[in-house]
Each structure stands twice: as C-alpha cells, then as structure tokens.
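K.L.:
The structure is given below, and queries will be raised subsequently.
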Amino acid sequence: MRRWGVIISLFYAMILLVLIVPGAGLLIEEKFSGWSPFLRDLGDSYREWLLCVPIGILLVSEALLLFLSVDTSQRPLKPRTNVLV
C-alpha cells in the first residue's frame, strides 16, 4: 500500500512542477514573445527559492495525507461513572 502513496506523490509533484508552473507563467505573461524568452524566464523562476516554498508545502501536505494513518476502530467507550451521578 505504501508504494501507491509514493507513486501518487511523485505523480502529484510532476503535475505541480511540469504543468502548473509553466501554465501559470503563460497566463501571467502579458504578451507571448516566443519560446526562447519564455523558457529562459521559466528557468529563472525554477531557480528562485520563493517558488520552492509553496510547492514544498503542497507536496509535504499531500504526502502527509497519504502516509498518516487514521484510527478507524469504532469501539464504544466504557462509561466510568454512573449515569445518574
């Protein structure tokens, strides 16, 4: 089961790094002036540490949701005192 979590986390990281960041760059850029300046700007944005912080937060939170286990035992609790008290 842990292998699926790793595969899903890697796929999610690939989606974030390969699709969303360049897509956001294309949307933010006012006028598309060719692939060469766009790829240069994209490389510069990947070198910025400020971009790594939100991507890292998203990746860590997604991995925590996949790898943390939740206690699903629904056993009823025993009452410690009398109900009338």
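Ordering of the structure tokens sets the chain letters (A, B, ...); residue numbers start at 1 within each chain; ligands are numbered from 1 in the order shown.
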For Leu17 of chain A, list every protein, DNA or RNA residue within 12 Å, evaluated using only C-alpha atoms, and leave out those in the same chain fewer than 6 positions away; present the list as a VMD selection string.

P.N.:
chain A and resid 10 to 11 23 to 25 42 to 43 45 to 46 51 to 52 54 to 56 58 to 59

K.L.:
Can you spit out the residues from that selection as a short mmCIF file (atom, residue, chain, number, x, y, z; two decimals), in the first residue's frame, using C-alpha atoms?

P.N.:
```cif
data_model
loop_
_atom_site.label_atom_id
_atom_site.label_comp_id
_atom_site.auth_asym_id
_atom_site.auth_seq_id
_atom_site.Cartn_x
_atom_site.Cartn_y
_atom_site.Cartn_z
CA LEU A 10 5.61 11.52 -7.46
CA PHE A 11 2.80 11.97 -9.97
CA GLY A 23 0.96 27.22 -17.27
CA ALA A 24 0.93 29.96 -14.66
CA GLY A 25 3.88 31.59 -16.41
CA LEU A 42 10.87 29.67 -16.73
CA GLY A 43 14.40 28.54 -15.86
CA SER A 45 11.65 31.06 -11.93
CA TYR A 46 12.69 27.48 -11.10
CA LEU A 51 8.83 29.20 -5.77
CA CYS A 52 10.10 26.18 -3.85
CA PRO A 54 4.66 26.86 -1.82
CA ILE A 55 5.45 23.81 -3.96
CA GLY A 56 7.17 22.18 -0.98
CA LEU A 58 1.81 21.41 -1.21
CA LEU A 59 3.96 18.30 -1.64
#
```

K.L.:
Closest to Asp44 of chain A among A:Val21, A:Arg3, A:Leu84, A:Leu16, using only C-alpha atoms?

P.N.:
A:Val21

K.L.:
DSSP on the backbone, helix (DSSP H, G or I) only: what residues of chain A does that give? Format it as number ranges by chain.

P.N.:
A: 2-28, 35-47, 49-67
